[in-house]
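The structure under discussion appears below in the form of structure tokens.
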Amino acid sequence: MKRIETNLPGVCIIEPDVHGDDRGFFMESYNQRDFARLGIDCAFVQDNHSRSQRSVIRGLHYQLAHPQAKLVRVMLGKVYDVAVDVRRRSETFGRWAGVTLSAENKQMLFVPEGFAHGFCVISEFAEFAYKCSDFYAPVEERGIIWNDPELAIPWPLGDSAPILSPKDAEYGPLSAMDENDLPVCREGAGQ
């Protein structure tokens with residue numbers, strides 16, 4: 001298993017060891033000891049699985065009082081996955097990292113607490129699975145609009161219009177967020 005750094009401290013790509021032959025493949029998608037060795041030592045308490053069609057954008061979401069670190073991967077299809085630093089007082093506040101995750105490349109993305117997360121489906125369908133370090137708390141959920149002009153994330157939609165949930169379509173840009181709706185960057189936490 002290998003950790004590949006992104007341009008955001010703490011946000012990293014995990015490349016698992018994949019053992020394949022003419023029967024198919026085997027890989028460990030999670031092993032607590034191996035992840036701790038890579039510097040990821042949070043306790044995951046919830047697994048989620050979604051299926052979405054091409055051009056669906058889910059996000060950009062984060063939770064305030066119950067922040068969630070996430071370990072995300074694609075089990076079917078392909079997505080463009082994005083993490084945005086929304087921690088006020090962070091040196092990388094408002095910066096983002098994007099990576100293509102697919103069933104074929106089997107890479108995972110680790111998104112620490114304090115980062116908004118979202119993805120865009122770029123295959124006909126995608127099944128997306130992720131581990132969370134805290135439980136979903138609807139009252140604590142916050143979000144940023146997918147097409148925030150200051151973030152300028154190049155979502156790979158081509159000529160397609162994004163398919164959004166009503167909630168995701170209502171979010172505003174990061175610059176309009178009330179300071180009290182943003183997590184604080186803790187000292188030593190990827191400032």
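Chain lettering (A, B, ...) mirrors the order of the structure tokens, residue numbering begins at 1 for each chain separately, and ligand numbering begins at 1 in order of display.
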Write out as a list in words which residues come within 9 Å of Gly143 (chain A) when counting only C-alpha atoms, dropping same-chain ones fewer than 6 positions away. Gly59, Leu60, His61, Tyr62, Gln63, Ala116, His117, Lys167, Asp168, Tyr171, Gly172, Pro173 and Leu174 of chain A
Shell of 10 Å around region 31-37 of chain A, only C-alpha atoms, local chain residues under 2 positions omitted, as a PDB file with C-alpha atoms, in the first residue's frame:
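The file below, out34.pdb, is the result:
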```pdb
ATOM      1  CA  MET A   1       0.000   0.000   0.000  1.00  0.00           C
ATOM      2  CA  LYS A   2       1.362   3.424  -0.934  1.00  0.00           C
ATOM      3  CA  ARG A   3       0.497   7.000   0.111  1.00  0.00           C
ATOM      4  CA  ILE A  14      -3.929   5.669  -1.327  1.00  0.00           C
ATOM      5  CA  GLU A  28      -7.327  -5.102   0.936  1.00  0.00           C
ATOM      6  CA  SER A  29      -9.387  -1.913   0.746  1.00  0.00           C
ATOM      7  CA  GLY A  39      -0.309   8.253   8.963  1.00  0.00           C
ATOM      8  CA  ILE A  40      -4.072   7.700   8.791  1.00  0.00           C
ATOM      9  CA  ASP A  41      -5.149   6.613  12.248  1.00  0.00           C
ATOM     10  CA  CYS A  42      -8.748   7.749  12.617  1.00  0.00           C
ATOM     11  CA  ALA A  43     -11.432   5.319  13.704  1.00  0.00           C
ATOM     12  CA  PHE A  44     -14.043   4.829  10.996  1.00  0.00           C
TER      13      PHE A  44
END
```
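Pairwise distance (CA of Tyr30 (chain A), CA of Val11 (chain A)) equals 16.7 Å.
In this structure, CA of Phe110 (chain A) sits 14.7 Å away from CA of Gln46 (chain A).
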As a PDB file with C-alpha atoms, in the first residue's frame, which residues of region 9-178 of chain A does DSSP assign to strand (DSSP E)?
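What ended up in out.pdb:
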```pdb
ATOM      1  CA  CYS A  12      -3.705  11.962   0.008  1.00  0.00           C
ATOM      2  CA  ILE A  13      -4.225   9.243  -2.561  1.00  0.00           C
ATOM      3  CA  ILE A  14      -3.929   5.669  -1.327  1.00  0.00           C
ATOM      4  CA  GLU A  15      -2.735   3.135  -3.862  1.00  0.00           C
ATOM      5  CA  VAL A  18      -3.586  -5.346  -5.999  1.00  0.00           C
ATOM      6  CA  HIS A  19      -2.949  -9.036  -6.654  1.00  0.00           C
ATOM      7  CA  GLY A  20      -4.375 -10.108  -9.994  1.00  0.00           C
ATOM      8  CA  ASP A  21      -4.338 -13.145 -12.214  1.00  0.00           C
ATOM      9  CA  GLY A  24      -9.550 -11.530 -11.373  1.00  0.00           C
ATOM     10  CA  PHE A  25      -7.957  -9.638  -8.485  1.00  0.00           C
ATOM     11  CA  PHE A  26      -7.735  -9.372  -4.707  1.00  0.00           C
ATOM     12  CA  MET A  27      -6.916  -6.300  -2.627  1.00  0.00           C
ATOM     13  CA  GLN A  46     -19.815   4.419   9.227  1.00  0.00           C
ATOM     14  CA  ASP A  47     -19.641   3.041   5.674  1.00  0.00           C
ATOM     15  CA  ASN A  48     -21.693   4.595   2.866  1.00  0.00           C
ATOM     16  CA  HIS A  49     -22.357   3.430  -0.690  1.00  0.00           C
ATOM     17  CA  SER A  50     -24.012   5.418  -3.491  1.00  0.00           C
ATOM     18  CA  ARG A  51     -24.834   4.816  -7.146  1.00  0.00           C
ATOM     19  CA  SER A  52     -25.107   7.737  -9.538  1.00  0.00           C
ATOM     20  CA  GLN A  53     -25.432   8.316 -13.265  1.00  0.00           C
ATOM     21  CA  ILE A  57     -22.327  15.982  -8.848  1.00  0.00           C
ATOM     22  CA  ARG A  58     -22.632  15.196  -5.155  1.00  0.00           C
ATOM     23  CA  GLY A  59     -21.208  17.871  -2.868  1.00  0.00           C
ATOM     24  CA  LEU A  60     -19.368  19.855  -1.842  1.00  0.00           C
ATOM     25  CA  HIS A  61     -20.259  18.737   1.712  1.00  0.00           C
ATOM     26  CA  TYR A  62     -18.762  18.857   5.190  1.00  0.00           C
ATOM     27  CA  GLN A  63     -20.027  18.642   8.766  1.00  0.00           C
ATOM     28  CA  LYS A  70     -13.482  10.182   4.724  1.00  0.00           C
ATOM     29  CA  LEU A  71     -11.769   7.379   2.872  1.00  0.00           C
ATOM     30  CA  VAL A  72     -13.403   7.202  -0.551  1.00  0.00           C
ATOM     31  CA  ARG A  73     -13.189   4.799  -3.474  1.00  0.00           C
ATOM     32  CA  VAL A  74     -15.041   3.789  -6.627  1.00  0.00           C
ATOM     33  CA  MET A  75     -16.286   0.238  -6.981  1.00  0.00           C
ATOM     34  CA  LEU A  76     -17.885   0.625 -10.439  1.00  0.00           C
ATOM     35  CA  LYS A  78     -15.226   6.513 -12.737  1.00  0.00           C
ATOM     36  CA  VAL A  79     -15.531   9.835 -10.862  1.00  0.00           C
ATOM     37  CA  TYR A  80     -13.634  13.082 -10.514  1.00  0.00           C
ATOM     38  CA  ASP A  81     -13.240  13.477  -6.754  1.00  0.00           C
ATOM     39  CA  VAL A  82     -12.508  16.800  -5.019  1.00  0.00           C
ATOM     40  CA  ALA A  83     -11.490  17.940  -1.528  1.00  0.00           C
ATOM     41  CA  VAL A  84     -11.578  21.659  -0.595  1.00  0.00           C
ATOM     42  CA  ASP A  85      -9.868  23.109   2.481  1.00  0.00           C
ATOM     43  CA  TRP A  96      -8.668  22.204  -3.585  1.00  0.00           C
ATOM     44  CA  ALA A  97      -7.259  18.904  -4.823  1.00  0.00           C
ATOM     45  CA  GLY A  98      -8.908  16.771  -7.488  1.00  0.00           C
ATOM     46  CA  VAL A  99      -8.221  13.215  -8.596  1.00  0.00           C
ATOM     47  CA  THR A 100      -9.841  10.687 -10.914  1.00  0.00           C
ATOM     48  CA  LEU A 101     -10.886   7.568  -9.025  1.00  0.00           C
ATOM     49  CA  SER A 102     -12.102   4.504 -10.872  1.00  0.00           C
ATOM     50  CA  MET A 108      -8.661   5.805  -2.841  1.00  0.00           C
ATOM     51  CA  LEU A 109      -8.661   9.368  -1.541  1.00  0.00           C
ATOM     52  CA  PHE A 110      -8.312  10.221   2.120  1.00  0.00           C
ATOM     53  CA  VAL A 111     -10.094  13.480   3.015  1.00  0.00           C
ATOM     54  CA  PHE A 115     -12.366  19.621   4.176  1.00  0.00           C
ATOM     55  CA  ALA A 116     -15.447  19.822   1.961  1.00  0.00           C
ATOM     56  CA  HIS A 117     -15.833  16.831  -0.342  1.00  0.00           C
ATOM     57  CA  GLY A 118     -17.647  16.167  -3.591  1.00  0.00           C
ATOM     58  CA  PHE A 119     -17.464  14.174  -6.799  1.00  0.00           C
ATOM     59  CA  CYS A 120     -18.695  14.178 -10.396  1.00  0.00           C
ATOM     60  CA  VAL A 121     -19.576  10.949 -12.223  1.00  0.00           C
ATOM     61  CA  PHE A 125     -22.798   4.994 -13.824  1.00  0.00           C
ATOM     62  CA  ALA A 126     -20.571   4.909 -10.768  1.00  0.00           C
ATOM     63  CA  GLU A 127     -20.796   3.176  -7.438  1.00  0.00           C
ATOM     64  CA  PHE A 128     -18.973   5.127  -4.769  1.00  0.00           C
ATOM     65  CA  ALA A 129     -18.118   3.804  -1.302  1.00  0.00           C
ATOM     66  CA  TYR A 130     -16.686   5.700   1.623  1.00  0.00           C
ATOM     67  CA  LYS A 131     -15.783   5.269   5.250  1.00  0.00           C
ATOM     68  CA  CYS A 132     -16.522   8.117   7.705  1.00  0.00           C
ATOM     69  CA  GLU A 141     -24.120  19.415   7.347  1.00  0.00           C
ATOM     70  CA  ARG A 142     -22.830  22.422   5.411  1.00  0.00           C
ATOM     71  CA  GLY A 143     -21.939  22.847   1.784  1.00  0.00           C
TER      72      GLY A 143
END
```
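Closest to Asn105 (chain A) among A:Asp17, A:Ala152, A:Leu38, A:Ala65 is A:Asp17, based on only C-alpha atoms.
In this model, the gap between CA of Pro112 (chain A) and CA of Ala69 (chain A) comes to 4.3 Å.
Minimum atom-to-atom distance to Cys185 (chain A), evaluated using only C-alpha atoms, belongs to A:Gly114 out of A:Lys106, A:Gly114, A:Val56, A:Ile4.
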When DSSP is applied to the backbone of this structure, which of region 51-186 of chain A are assigned helix (DSSP H, G or I)? Write them out as JSON, numbers by chain. {"A": [138, 139, 140, 166, 167, 168, 169, 170, 174, 175, 176, 179, 180, 181]}
